[in-house]
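Enquirer: Structure in structure tokens, see below.
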Amino acid sequence: MEEELFVSGRNLPHIDPNLELWGFPIAFYLFLGGLAAGILLFASTAVILEKEDKFPATARWAPLVVPLLLTVGLFALIVDLHHPLYSWQLYTTIRLESPMSWGAWVLLIVTPISYLWAFADLRILFPKLDWKFKVLYQIEDLVRKYRKVIAWILIPLCIILGIYTGILLSAFNARPLWNSAILGPLFLISGLSTAAAAIILLAKSHSESSLFSKIDIILIIIEIGLVIHLIMGYYSGTEMQVEAANILINGELSIMFFVFFILLGLIVPLVMEVFELLGTKIPVYIPAILVLIGGLIFRILMVEAGQLSRILY
Amino acid sequence: MRYVMVIDTNKCVGCSDCVVACQVENHVPMGYCRDWVVETVNGTYPSVSFEFRSERCNHCDNAPCVRTCPTGASHIIEGGIVLVTPEECIGCGACIESCPYDARYPHPEEGHVDKCTFCNHRLEKGELPACVSVCPTKCMYFGDLDDANSDVSKLLATRQHKVLAPEAGTKPRVYYLI
């Protein structure tokens, strides 16, 4: 058997022996971004179908959290920058080839819209509120009047936001674990699933929570399919990709991957939601919380494992 | 014009002079390096082969770092040199995650991303990159690949050579004579 011994005389902290550049803030941001995109996508759909009153958690309560999610997410992103005072440079150019540039621009549009959306619903949810200034009432009227137009604009933006959280990673061709086109759809579906879980937590009526349980069941099944696809893709790839997949399947992160993501984040909540729909008494918030934690763990895993994988030469 | 570097692995003794010259010339922060030497031993005793390589940014023609940079701070200038404009760099690390050669690092004091520049400031004065200029075994060559009479063109035309990680599709421009 041929062996290779490799000795490097270099010293680049953050890179040697494994890349340690992106940590929890990035994973947390990817989670929050996907969750926010999912919630706004469901809310927009509810508005377009004129079901705001039937599904208040979807159309009004959940979007109330979105500005917070996006703001915390953006804060996490900026914390992770090494040159944060220059972050405005993102908005001096549009780089079509760079997913991060896409994400920065989409966030610049979606974040203020999410604030307006939440603001326009505040007096419906809390009728005692009184805006002191006339202009605030005018803004509220304007948003309510054009709510459907905003919803139509939000749908493509949120799909881009949800997919971008995955494509962001897959664009970096030096990390074999990330080099999979499945990551985009997988992150989108996972984000939608966590959003459905968040809506279940906020829903007051049984009809709304059971609808979103059904939606979540479908999303989890699609997500399991995409994860299988992802792993199959690695194993049919090059040696680098096989080694990268082994970090998750048969390596240092495999317990986290199988127990905390696959089992507790996908299969257990799926089974619980199915039994709940069939009539077994299971508190709906348990699978919902598991899905949310699973979504976060999935992103931590992908960010971490991707940086452990590398091109061999 | 296309600047390339050609390094003769048969002449390299792994002394790391190139590393120190770069650190001094470019005021590289303490404990960091823009170029480095690797030593590989291949095969099973007694049939082993052995190689020293001085590695650095490959100034790729198809540079993934330039493609994924969200602000355009990473860019390619005349001659094919890949540079980072510190005032445009937000230190997001997209280029670091993209580089198959791990040739970039965030500058620990200034925050922007830093890497080999092929000593562009010296080239402008008609001098060779610092690493090339100090090599005691003269195993490093630097020049214009578009000029058929340059040392690098002649070496690549006559000697067997390789690039690192060609499968990454980056079209690297640091060649190793083998």
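Naming scheme: A, B, ... for chains in displayed order of the structure tokens; residues 1 onward per chain; ligands 1 onward as shown.
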Report as a PDB file with C-alpha atoms, in the first residue's frame all protein, DNA and RNA residues lying within 9 Å of Ala21 (chain B), evaluated on only C-alpha atoms, omitting residues in the same chain fewer than 5 positions from it.

Expert:
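The file below, around-v8.pdb, is the result:
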```
ATOM      1  CA  SER B  16      12.351  28.257   4.364  1.00  0.00           C
ATOM      2  CA  ASN B  26       5.511  42.208   3.551  1.00  0.00           C
ATOM      3  CA  ALA B 130      11.051  38.615  -2.320  1.00  0.00           C
ATOM      4  CA  CYS B 131      10.836  34.812  -2.046  1.00  0.00           C
ATOM      5  CA  SER B 133      15.049  36.861  -4.980  1.00  0.00           C
ATOM      6  CA  VAL B 134      16.467  35.210  -1.860  1.00  0.00           C
TER       7      VAL B 134
END
```

Enquirer: Using only C-alpha atoms, find the residues of chain B whose closest atom to chain A is at most 8 Å away, then write them as a ChimeraX atom specification.

Expert: /B:31-33,35-44,64,67-72,87-95,97-102,105-106,110-112,164-165,168

Enquirer: Restricting it to C-alpha atoms, dump the selection as a PDB file, in the first residue's frame.

Expert:
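Wrote it out as result.pdb, contents follow:
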```
ATOM      1  CA  GLY B  31       3.076  33.789  13.656  1.00  0.00           C
ATOM      2  CA  TYR B  32       1.506  34.007  10.208  1.00  0.00           C
ATOM      3  CA  CYS B  33       2.886  33.353   6.751  1.00  0.00           C
ATOM      4  CA  ASP B  35       4.141  31.243   1.855  1.00  0.00           C
ATOM      5  CA  TRP B  36       5.254  28.034   3.497  1.00  0.00           C
ATOM      6  CA  VAL B  37       7.231  24.881   2.790  1.00  0.00           C
ATOM      7  CA  VAL B  38       5.727  21.405   2.775  1.00  0.00           C
ATOM      8  CA  GLU B  39       7.619  18.168   2.792  1.00  0.00           C
ATOM      9  CA  THR B  40       6.015  15.026   1.422  1.00  0.00           C
ATOM     10  CA  VAL B  41       7.245  11.477   1.522  1.00  0.00           C
ATOM     11  CA  ASN B  42       5.439   9.052  -0.786  1.00  0.00           C
ATOM     12  CA  GLY B  43       5.475   5.293  -1.061  1.00  0.00           C
ATOM     13  CA  THR B  44       6.557   2.455   1.230  1.00  0.00           C
ATOM     14  CA  PRO B  64     -12.863  30.866  -6.496  1.00  0.00           C
ATOM     15  CA  ARG B  67     -15.906  34.595  -7.512  1.00  0.00           C
ATOM     16  CA  THR B  68     -17.316  34.293  -3.994  1.00  0.00           C
ATOM     17  CA  CYS B  69     -16.161  37.671  -2.637  1.00  0.00           C
ATOM     18  CA  PRO B  70     -19.350  39.637  -1.884  1.00  0.00           C
ATOM     19  CA  THR B  71     -17.794  43.098  -2.161  1.00  0.00           C
ATOM     20  CA  GLY B  72     -15.299  42.738  -4.997  1.00  0.00           C
ATOM     21  CA  GLU B  87     -10.610  49.004   2.402  1.00  0.00           C
ATOM     22  CA  GLU B  88     -13.214  46.923   0.550  1.00  0.00           C
ATOM     23  CA  CYS B  89     -12.745  43.707   2.539  1.00  0.00           C
ATOM     24  CA  ILE B  90     -15.291  43.087   5.299  1.00  0.00           C
ATOM     25  CA  GLY B  91     -13.441  40.042   6.648  1.00  0.00           C
ATOM     26  CA  CYS B  92     -16.365  37.682   6.060  1.00  0.00           C
ATOM     27  CA  GLY B  93     -14.107  34.757   5.184  1.00  0.00           C
ATOM     28  CA  ALA B  94     -15.929  33.673   2.000  1.00  0.00           C
ATOM     29  CA  CYS B  95     -12.609  33.667   0.105  1.00  0.00           C
ATOM     30  CA  GLU B  97     -13.586  29.057   2.745  1.00  0.00           C
ATOM     31  CA  SER B  98     -13.278  28.975  -1.070  1.00  0.00           C
ATOM     32  CA  CYS B  99      -9.521  28.551  -1.382  1.00  0.00           C
ATOM     33  CA  PRO B 100      -8.450  24.934  -1.992  1.00  0.00           C
ATOM     34  CA  TYR B 101      -4.880  25.887  -1.054  1.00  0.00           C
ATOM     35  CA  ASP B 102      -5.807  27.576   2.243  1.00  0.00           C
ATOM     36  CA  TYR B 105      -5.966  34.239   6.541  1.00  0.00           C
ATOM     37  CA  PRO B 106      -7.744  37.078   8.330  1.00  0.00           C
ATOM     38  CA  GLU B 110      -6.284  44.811  10.747  1.00  0.00           C
ATOM     39  CA  GLY B 111      -9.208  42.440  10.122  1.00  0.00           C
ATOM     40  CA  HIS B 112      -9.059  42.273   6.338  1.00  0.00           C
ATOM     41  CA  LEU B 164      -1.566  21.604  -7.089  1.00  0.00           C
ATOM     42  CA  ALA B 165      -5.135  20.284  -6.921  1.00  0.00           C
ATOM     43  CA  ALA B 168     -10.418  21.912  -8.127  1.00  0.00           C
TER      44      ALA B 168
END
```

Enquirer: Please return, as a list in words, all residues of region 36-163 of chain B that DSSP assigns to helix (DSSP H, G or I) on the basis of the backbone.

Expert: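 Checking each residue of region 36-163 of chain B, the helix (DSSP H, G or I) ones are Pro64, Cys65, Val66, Arg67, Thr68, Ala94, Cys95, Ile96, Glu97, Ser98, Asn120, His121, Arg122, Leu123, Ala130, Cys131, Val132, Ser133, Val134, Asp151, Val152, Ser153, Lys154, Leu155, Leu156, Ala157 and Thr158 of chain B.
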
Enquirer: Would you compute the distance between CA of Glu51 (chain B) and CA of Leu177 (chain A)? Give it in Å to one decimal.

Expert: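 Distance between the two atoms: 28.7 Å.
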
Enquirer: Go ahead and compute the interatomic distance for CA of Ile139 (chain A) and CA of Pro112 (chain A), in Å to one decimal.

Expert: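 Taking CA of Ile139 (chain A) as the start and CA of Pro112 (chain A) as the end point, the length is 12.8 Å.
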
Enquirer: For Gln138 (chain A), list every protein, DNA or RNA residue within 12 Å, evaluated using only C-alpha atoms, and leave out those in the same chain fewer than 5 positions away; present the list as an MDAnalysis selection string.

Expert: chainID A and resid 116 119:120 131:133 143:145

Enquirer: Could you save the residues just selected, with C-alpha atoms, as a PDB file, in the first residue's frame?

Expert:
```
ATOM      1  CA  LEU A 116     -43.509  47.011   8.230  1.00  0.00           C
ATOM      2  CA  PHE A 119     -45.965  46.936  12.550  1.00  0.00           C
ATOM      3  CA  ALA A 120     -49.166  46.971  10.478  1.00  0.00           C
ATOM      4  CA  TRP A 131     -49.801  55.623  17.830  1.00  0.00           C
ATOM      5  CA  LYS A 132     -49.042  59.150  18.860  1.00  0.00           C
ATOM      6  CA  PHE A 133     -48.153  60.297  15.382  1.00  0.00           C
ATOM      7  CA  VAL A 143     -49.108  48.493   4.410  1.00  0.00           C
ATOM      8  CA  ARG A 144     -52.582  47.072   5.052  1.00  0.00           C
ATOM      9  CA  LYS A 145     -53.834  48.393   1.691  1.00  0.00           C
TER      10      LYS A 145
END
```

Enquirer: Mind checking which residues fall within 10 Å of Phe31 (chain A), counting only C-alpha atoms, ignoring those fewer than 5 positions away in the same chain, and posting them as a list in words?

Expert: Pro25, Ile26, Ala36, Ala37, Leu69, Gly73, Gly162, Thr165, Phe187, Ser190, Gly191, Thr194, Leu292, Ile293, Gly295, Leu296, Ile297, Phe298, Arg299 and Ile300 of chain A

Enquirer: Would you mind exporting N, CA, C and O atoms of the selected residues as a compact mmCIF listing (two decimals), in the first residue's frame?

Expert:
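New file again.txt:
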```
# COMPACT_ATOMS: atom_id res chain seq x y z
N PRO A 25 -21.96 31.65 15.47
CA PRO A 25 -22.77 32.76 14.95
C PRO A 25 -23.25 32.53 13.51
O PRO A 25 -24.40 32.84 13.19
N ILE A 26 -22.39 31.94 12.66
CA ILE A 26 -22.79 31.71 11.27
C ILE A 26 -23.91 30.67 11.22
O ILE A 26 -24.93 30.86 10.54
N ALA A 36 -36.91 32.64 9.44
CA ALA A 36 -37.61 33.88 9.08
C ALA A 36 -38.18 33.77 7.67
O ALA A 36 -39.34 34.14 7.42
N ALA A 37 -37.39 33.24 6.74
CA ALA A 37 -37.85 33.09 5.36
C ALA A 37 -39.08 32.18 5.33
O ALA A 37 -40.07 32.47 4.64
N LEU A 69 -35.90 37.94 14.66
CA LEU A 69 -35.03 36.88 14.15
C LEU A 69 -33.99 37.46 13.20
O LEU A 69 -32.80 37.16 13.28
N GLY A 73 -30.08 37.74 13.72
CA GLY A 73 -29.28 37.04 12.71
C GLY A 73 -28.23 37.95 12.11
O GLY A 73 -27.06 37.58 11.99
N GLY A 162 -34.23 31.61 1.71
CA GLY A 162 -34.16 30.24 2.24
C GLY A 162 -33.14 29.40 1.51
O GLY A 162 -32.36 28.66 2.14
N THR A 165 -29.24 30.37 2.12
CA THR A 165 -28.53 29.91 3.31
C THR A 165 -27.78 28.60 3.03
O THR A 165 -26.75 28.34 3.64
N PHE A 187 -31.73 23.26 2.71
CA PHE A 187 -31.84 24.33 3.69
C PHE A 187 -33.19 25.03 3.58
O PHE A 187 -33.76 25.45 4.59
N SER A 190 -35.72 22.65 5.18
CA SER A 190 -35.48 22.62 6.62
C SER A 190 -35.98 23.93 7.26
O SER A 190 -36.59 23.91 8.33
N GLY A 191 -35.73 25.05 6.59
CA GLY A 191 -36.20 26.35 7.10
C GLY A 191 -37.72 26.39 7.15
O GLY A 191 -38.31 26.86 8.14
N THR A 194 -38.86 24.30 10.11
CA THR A 194 -38.73 24.98 11.41
C THR A 194 -39.78 26.08 11.54
O THR A 194 -40.32 26.32 12.62
N LEU A 292 -37.31 22.48 15.84
CA LEU A 292 -36.54 23.73 15.89
C LEU A 292 -35.09 23.46 16.33
O LEU A 292 -34.14 23.95 15.70
N ILE A 293 -34.94 22.65 17.38
CA ILE A 293 -33.58 22.35 17.86
C ILE A 293 -32.82 21.55 16.79
O ILE A 293 -31.64 21.81 16.51
N GLY A 295 -33.21 21.68 13.60
CA GLY A 295 -32.82 22.59 12.51
C GLY A 295 -31.55 23.33 12.85
O GLY A 295 -30.65 23.50 12.01
N LEU A 296 -31.45 23.77 14.10
CA LEU A 296 -30.24 24.50 14.52
C LEU A 296 -29.04 23.56 14.54
O LEU A 296 -27.96 23.90 14.04
N ILE A 297 -29.24 22.34 15.07
CA ILE A 297 -28.13 21.38 15.15
C ILE A 297 -27.64 21.02 13.75
O ILE A 297 -26.44 20.92 13.49
N PHE A 298 -28.59 20.88 12.80
CA PHE A 298 -28.22 20.56 11.42
C PHE A 298 -27.27 21.62 10.86
O PHE A 298 -26.25 21.31 10.23
N ARG A 299 -27.59 22.88 11.13
CA ARG A 299 -26.74 23.95 10.59
C ARG A 299 -25.38 24.02 11.29
O ARG A 299 -24.37 24.26 10.64
N ILE A 300 -25.39 23.78 12.61
CA ILE A 300 -24.10 23.75 13.32
C ILE A 300 -23.23 22.64 12.73
O ILE A 300 -22.04 22.83 12.46
```

Enquirer: What is the distance, in Å and to one decimal place, between CA of Tyr115 (chain A) and CA of Val65 (chain A)?

Expert: 9.6 Å

Enquirer: What's the 8 Å shell around Thr9 (chain B), counting only C-alpha atoms, without same-chain residues fewer than 3 positions away, as a PyMOL selection string?

Expert: chain B and resi 12+51-53+139+176-178

Enquirer: Pick out the residues sitting within 10 Å of Tyr3 (chain B), and hand them over as JSON, numbers by chain; count only C-alpha atoms, and ignore anything fewer than 3 positions along from it in its own chain.

Expert: {"B": [59, 78, 79, 80, 81, 118, 142, 143, 144, 145, 146, 147, 152, 173, 174]}
